[in-house]
Amino acid sequence: MKFTDLVRINVKAGRGGNGALSFRREKFIPKGGPDGGDGGKGGDVILKAVGGIVTLADFEYNRRFQAGHAGHGSGALRYGSKGEDLIIEVPCGTLVKDESTGKILADLVEPGQVFIAAKGGRGGRGNSHFTSSTRRAPRFAEKGDAGEERNLILELKLIADIGLVGFPNAGKSSILAAISGAKPKIAGYPFTTLSPNLGVLAVDDEQIVIADVPGLIEGAHEDKGLGLQFLRHIERTRALLHVIDLSEPDVINNLEVINAEFKAYGADLEARPHIIVGNKIDLANTESNAEILKAEAERLNVECFIVSAVTGQGINELIKAIVKLVRAAPRPAGVTSLDDSNNNNLIELQAKNNRRNRKLEPVNIAKLSDGSFKVEHEELERAVGRINFDHDDALMRFSRLLKRFSVEEALEAAGAREGDLILIADEEFEFEPDKVMPDDIDLNAEI
């Protein structure tokens with residue numbers, strides 16, 4: 001299986017259904033009241049962390065995801081069906097970022113954690129919602145809102161208890177094979193490991209997950225070599241094994257380079273609990289380097305084990321030390337569990353409750369290069385987008401919105417003249433001043 005740990009995807013939630021324009025028509029009740037039902041809510045796009053997946057490779061071939069659209073409302077106050085949610089399974093340890101801002105939206109660490117990546121559009125209200133003491137038979141209903149659309153970056157950071165770190169060809173894969181049930185690709189040349197290998201060390205009733213990640217080189221924190229592809233996968237480990245090749249001429253320098261790269265990268269890697277492992281003691285002329293490494297480890301107050309992954313020398317003692325280390329070291333906390341945007345429903349409810357007590361923000365008018373004028377106001381644009389201009393009273397409702405938000409005055413102040421093209425949301429119309437309905441408008445009425 002191809003290992004992929006960084007992908008870009010597009011997610012789009014379903015559109016809300018349209019509200020219905022309908023009136024009750026029954027025998028002996030020729031002029032019943034409005035009974036148009038609401039449109040359903042569009043489906044959400046949901047990311048869900050699941051166990052058993054260790055790569056983002058599936059997203060290499062499928063990068064666009066669309067949730068289901070909702071059904072429209074109908075007469076007799078019948079609501080439209082809800083759009084089907086789309087659940088996307090991702091590996092545990094997936095970090096979700098907004099591509100445009102770089103903001104971290106979610107950190108899905110534990111199996112079963114979910115994040116609503118794109119919320120479905122609100123269903124449009126049927127005409128039964130718009131009756132009043134002066135408007136007994138409203139001949140308009142709302143369109144449903146479009147679903148949210150986002151471009152996301154998914155970044156996988158492996159969740160393992162122990163990370164094997166060291167220079168290319170230090171023997172990390174061989175050690176992984178010796179202490180666990182993993183069967184990594186092993187050969188005598190650098191960068192044999194081009195993607196992480198995972199092994200499981202079973203001790204008593206405990207399972208310790210060990211990750212052998214691509215070899216480290218000087219400058220990795222600047223993304224040299226396999227760089228950040230390597231370093232991101234040890235951020236979540238409880239502890240580290242610094243594997244040093246005893247056949248190399250300068251074992252101390254190798255150890256110092258590793259520590260320097262951790263310090264430069266950050267994420268508290270330098271302070272992570274660790275053990276130094278001198279490997280390849282079975283080779284000739286390695287005893288002196290083993291003594292040098294043990295002396296340096298003693299100076300640093302770090303445990304050091306001299307082993308041979310090939311012959312098994314020192315492996316049992318290393319396993320015991322690994323178990324002890326893992327039991328004493330807690331797992332580092334994730335960056336963030338979930339983004340505050342998952343509380344949007346609560347925020348929208350509070351805004352709705354406060355709507356009658358707040359002053360409307362003025363609209364912004366932008367003159368475009370072709371001489372037209374664009375009216376910018378989030379609340380107004382949302383309200384205009386919900387108007388179904390196929391309905392009889394749609395223009396009346398549109399005019400009332402323009403008056404409520406003082407759009408005509410703002411356009412005149414910006415230099416708009418009769419006949420100029422005006423854009424609001426996706427609608428275009430010619431400016432005709434003094435043609436807005438003179439009806440009294442309740443400025444606190446819900447849009």
# chains A, B, ... in the order shown; residues from 1 in each chain; ligands from 1
$ residues_around --residues "Ala146 of chain A" --least-positions-apart "3" --cutoff "8 Å" --atoms "only C-alpha atoms" --output "ChimeraX atom specification"
/A:13-16,120-122
$ write_last_selection --atoms "C-alpha atoms" --output "PDB file, in the first residue's frame"
ATOM      1  CA  ALA A  13     -22.120  20.177   1.797  1.00  0.00           C
ATOM      2  CA  GLY A  14     -25.579  19.656   0.356  1.00  0.00           C
ATOM      3  CA  ARG A  15     -27.939  22.483  -0.541  1.00  0.00           C
ATOM      4  CA  GLY A  16     -31.002  23.090   1.585  1.00  0.00           C
ATOM      5  CA  GLY A 120     -25.348  21.570   4.971  1.00  0.00           C
ATOM      6  CA  GLY A 121     -27.405  24.553   3.833  1.00  0.00           C
ATOM      7  CA  ARG A 122     -30.458  25.628   5.808  1.00  0.00           C
TER       8      ARG A 122
END
$ select_by_dssp --residues "segment 99-148 of chain A" --states "strand (DSSP E or B)" --output "PyMOL selection string"
chain A and resi 104-108+114-118+142
$ residues_around --residues "Leu95 of chain A" --least-positions-apart "3" --cutoff "8 Å" --atoms "only C-alpha atoms" --output "ChimeraX atom specification"
/A:104-108,154-157
$ write_last_selection --atoms "C-alpha atoms" --output "mmCIF file, in the first residue's frame"
data_model
loop_
_atom_site.group_PDB
_atom_site.id
_atom_site.type_symbol
_atom_site.label_atom_id
_atom_site.label_comp_id
_atom_site.auth_asym_id
_atom_site.auth_seq_id
_atom_site.Cartn_x
_atom_site.Cartn_y
_atom_site.Cartn_z
ATOM 1 C CA ILE A 104 -6.071 24.121 12.316
ATOM 2 C CA LEU A 105 -9.726 23.071 12.360
ATOM 3 C CA ALA A 106 -9.524 19.666 14.019
ATOM 4 C CA ASP A 107 -7.097 17.094 15.338
ATOM 5 C CA LEU A 108 -8.712 13.674 15.076
ATOM 6 C CA LEU A 154 -5.249 16.660 5.656
ATOM 7 C CA GLU A 155 -1.951 15.955 7.388
ATOM 8 C CA LEU A 156 -1.323 12.579 8.988
ATOM 9 C CA LYS A 157 0.864 12.368 12.079
#
$ residues_around --residues "Leu269 of chain A" --least-positions-apart "2" --cutoff "9 Å" --atoms "only C-alpha atoms" --output "PyMOL selection string"
chain A and resi 234-235+240+259+262-263+265-267+271-273
$ write_last_selection --atoms "C-alpha atoms" --output "PDB file, in the first residue's frame"
ATOM      1  CA  ILE A 234       7.389  11.508  15.773  1.00  0.00           C
ATOM      2  CA  GLU A 235       5.458  14.470  17.223  1.00  0.00           C
ATOM      3  CA  LEU A 240      12.147   7.959  21.253  1.00  0.00           C
ATOM      4  CA  ASN A 259      19.432  16.491  18.951  1.00  0.00           C
ATOM      5  CA  PHE A 262      14.903  18.133  17.148  1.00  0.00           C
ATOM      6  CA  LYS A 263      15.658  21.469  18.805  1.00  0.00           C
ATOM      7  CA  TYR A 265      12.067  21.593  14.586  1.00  0.00           C
ATOM      8  CA  GLY A 266      10.358  22.274  17.925  1.00  0.00           C
ATOM      9  CA  ALA A 267       7.247  20.376  19.092  1.00  0.00           C
ATOM     10  CA  ALA A 271      12.835  17.108  25.726  1.00  0.00           C
ATOM     11  CA  ARG A 272      10.976  13.904  24.787  1.00  0.00           C
ATOM     12  CA  PRO A 273      11.998  10.883  26.951  1.00  0.00           C
TER      13      PRO A 273
END
$ closest_atom_pairs --of "segment 135-180 of chain A" --to "segment 49-69 of chain A" --cutoff "12 Å" --atoms "only C-alpha atoms" --output "JSON lines"
{"residue": "A:Gly144", "atom": "CA", "partner": "A:His69", "partner_atom": "CA", "distance": 10.0}
{"residue": "A:Asp145", "atom": "CA", "partner": "A:His69", "partner_atom": "CA", "distance": 10.6}
{"residue": "A:Ala146", "atom": "CA", "partner": "A:His69", "partner_atom": "CA", "distance": 9.3}
{"residue": "A:Gly147", "atom": "CA", "partner": "A:His69", "partner_atom": "CA", "distance": 8.6}
{"residue": "A:Glu148", "atom": "CA", "partner": "A:Ala67", "partner_atom": "CA", "distance": 10.2}
{"residue": "A:Glu149", "atom": "CA", "partner": "A:Gln66", "partner_atom": "CA", "distance": 9.1}
{"residue": "A:Arg150", "atom": "CA", "partner": "A:Phe65", "partner_atom": "CA", "distance": 10.1}
{"residue": "A:Asn151", "atom": "CA", "partner": "A:Arg64", "partner_atom": "CA", "distance": 9.3}
{"residue": "A:Leu152", "atom": "CA", "partner": "A:Arg63", "partner_atom": "CA", "distance": 9.9}
{"residue": "A:Ile153", "atom": "CA", "partner": "A:Arg63", "partner_atom": "CA", "distance": 10.6}
{"residue": "A:Leu154", "atom": "CA", "partner": "A:Leu56", "partner_atom": "CA", "distance": 8.1}
{"residue": "A:Glu155", "atom": "CA", "partner": "A:Leu56", "partner_atom": "CA", "distance": 8.4}
{"residue": "A:Leu156", "atom": "CA", "partner": "A:Leu56", "partner_atom": "CA", "distance": 7.3}
{"residue": "A:Lys157", "atom": "CA", "partner": "A:Val54", "partner_atom": "CA", "distance": 9.7}
{"residue": "A:Leu158", "atom": "CA", "partner": "A:Val54", "partner_atom": "CA", "distance": 7.7}
{"residue": "A:Ile159", "atom": "CA", "partner": "A:Val54", "partner_atom": "CA", "distance": 9.4}
{"residue": "A:Ala160", "atom": "CA", "partner": "A:Val54", "partner_atom": "CA", "distance": 11.1}
$ closest_residue --among "A:Glu298, A:Arg8, A:Ala414, A:Ser406" --to "Ser100 of chain A" --atoms "only C-alpha atoms"
A:Arg8
$ atom_distance --atom1 "atom CA of Lys172 of chain A" --atom2 "atom CA of Ala284 of chain A"
19.3 Å
$ residues_around --residues "Asn279 of chain A" --least-positions-apart "6" --cutoff "12 Å" --atoms "only C-alpha atoms" --output "ChimeraX atom specification"
/A:166-167,169-176,178,241-248,251,286-287,289-290,293,304-315,318
$ write_last_selection --atoms "C-alpha atoms" --output "PDB file, in the first residue's frame"
ATOM      1  CA  GLY A 166      18.509   7.982  13.483  1.00  0.00           C
ATOM      2  CA  PHE A 167      20.557   8.475  10.356  1.00  0.00           C
ATOM      3  CA  ASN A 169      21.166   2.945   7.357  1.00  0.00           C
ATOM      4  CA  ALA A 170      21.556   3.069  11.151  1.00  0.00           C
ATOM      5  CA  GLY A 171      19.611  -0.190  11.390  1.00  0.00           C
ATOM      6  CA  LYS A 172      16.279   1.102  12.657  1.00  0.00           C
ATOM      7  CA  SER A 173      14.250  -1.275  10.490  1.00  0.00           C
ATOM      8  CA  SER A 174      16.347  -4.212  11.671  1.00  0.00           C
ATOM      9  CA  ILE A 175      15.755  -3.237  15.298  1.00  0.00           C
ATOM     10  CA  LEU A 176      12.014  -2.898  14.627  1.00  0.00           C
ATOM     11  CA  ALA A 178      13.978  -7.742  16.166  1.00  0.00           C
ATOM     12  CA  LEU A 241      14.956   5.490  20.560  1.00  0.00           C
ATOM     13  CA  HIS A 242      18.019   7.274  19.154  1.00  0.00           C
ATOM     14  CA  VAL A 243      19.648   4.588  17.017  1.00  0.00           C
ATOM     15  CA  ILE A 244      23.359   5.173  16.340  1.00  0.00           C
ATOM     16  CA  ASP A 245      25.411   3.136  13.859  1.00  0.00           C
ATOM     17  CA  LEU A 246      28.520   1.999  15.775  1.00  0.00           C
ATOM     18  CA  SER A 247      30.368   1.361  12.521  1.00  0.00           C
ATOM     19  CA  GLU A 248      30.304   5.079  11.656  1.00  0.00           C
ATOM     20  CA  VAL A 251      29.087   8.472  16.769  1.00  0.00           C
ATOM     21  CA  THR A 286      32.924  -1.195  16.906  1.00  0.00           C
ATOM     22  CA  GLU A 287      33.806  -1.815  20.575  1.00  0.00           C
ATOM     23  CA  ASN A 289      32.694   3.465  19.564  1.00  0.00           C
ATOM     24  CA  ALA A 290      30.387   1.568  21.921  1.00  0.00           C
ATOM     25  CA  LEU A 293      28.713   6.280  23.161  1.00  0.00           C
ATOM     26  CA  CYS A 304      22.255   3.536  26.636  1.00  0.00           C
ATOM     27  CA  PHE A 305      22.039   0.007  25.212  1.00  0.00           C
ATOM     28  CA  ILE A 306      24.558  -1.654  22.912  1.00  0.00           C
ATOM     29  CA  VAL A 307      22.844  -4.158  20.632  1.00  0.00           C
ATOM     30  CA  SER A 308      23.025  -6.136  17.436  1.00  0.00           C
ATOM     31  CA  ALA A 309      19.734  -6.381  15.573  1.00  0.00           C
ATOM     32  CA  VAL A 310      21.243  -9.177  13.465  1.00  0.00           C
ATOM     33  CA  THR A 311      22.463 -11.507  16.248  1.00  0.00           C
ATOM     34  CA  GLY A 312      19.981 -10.412  18.918  1.00  0.00           C
ATOM     35  CA  GLN A 313      22.675  -9.295  21.362  1.00  0.00           C
ATOM     36  CA  GLY A 314      21.193  -6.864  23.924  1.00  0.00           C
ATOM     37  CA  ILE A 315      17.693  -6.961  22.394  1.00  0.00           C
ATOM     38  CA  LEU A 318      16.300  -3.148  25.269  1.00  0.00           C
TER      39      LEU A 318
END
$ residues_around --residues "Arg386 of chain A" --least-positions-apart "5" --cutoff "12 Å" --atoms "only C-alpha atoms" --output "JSON, numbers by chain"
{"A": [15, 16, 17, 18, 19, 39, 121, 122, 123, 124, 125, 126, 140, 141, 142, 143, 144, 145, 146, 379, 380, 381, 391, 394, 397, 398, 401, 424, 425, 426, 427, 447]}
$ write_last_selection --atoms "C-alpha atoms" --output "short mmCIF file (atom, residue, chain, number, x, y, z; two decimals), in the first residue's frame"
data_model
loop_
_atom_site.label_atom_id
_atom_site.label_comp_id
_atom_site.auth_asym_id
_atom_site.auth_seq_id
_atom_site.Cartn_x
_atom_site.Cartn_y
_atom_site.Cartn_z
CA ARG A 15 -27.94 22.48 -0.54
CA GLY A 16 -31.00 23.09 1.58
CA GLY A 17 -34.39 22.39 0.02
CA ASN A 18 -36.74 25.16 -1.10
CA GLY A 19 -39.74 26.13 0.96
CA GLY A 39 -37.30 22.59 2.74
CA GLY A 121 -27.40 24.55 3.83
CA ARG A 122 -30.46 25.63 5.81
CA GLY A 123 -33.79 24.71 4.28
CA GLY A 124 -35.93 27.54 2.91
CA ARG A 125 -39.08 28.45 4.82
CA GLY A 126 -42.48 27.80 3.32
CA PHE A 140 -43.65 33.81 -1.60
CA ALA A 141 -41.39 31.24 0.04
CA GLU A 142 -37.66 30.97 0.51
CA LYS A 143 -35.04 29.06 -1.42
CA GLY A 144 -32.69 26.85 0.53
CA ASP A 145 -29.17 28.01 1.34
CA ALA A 146 -26.17 26.58 -0.47
CA GLU A 379 -26.98 39.34 6.13
CA LEU A 380 -28.60 41.11 3.16
CA GLU A 381 -26.86 38.85 0.64
CA HIS A 391 -43.09 33.60 -6.88
CA ALA A 394 -40.94 37.99 -4.63
CA ARG A 397 -40.21 41.08 -0.61
CA PHE A 398 -37.03 42.14 -2.41
CA LEU A 401 -35.35 44.23 2.02
CA ILE A 424 -26.55 41.73 -4.74
CA ALA A 425 -25.51 38.12 -4.11
CA ASP A 426 -26.25 36.37 -7.44
CA GLU A 427 -28.99 38.83 -8.50
CA ILE A 447 -35.44 38.21 7.55
#
$ closest_residue --among "A:Leu86, A:Ala76, A:Ile9, A:Val45" --to "Glu26 of chain A" --atoms "only C-alpha atoms"
A:Ala76
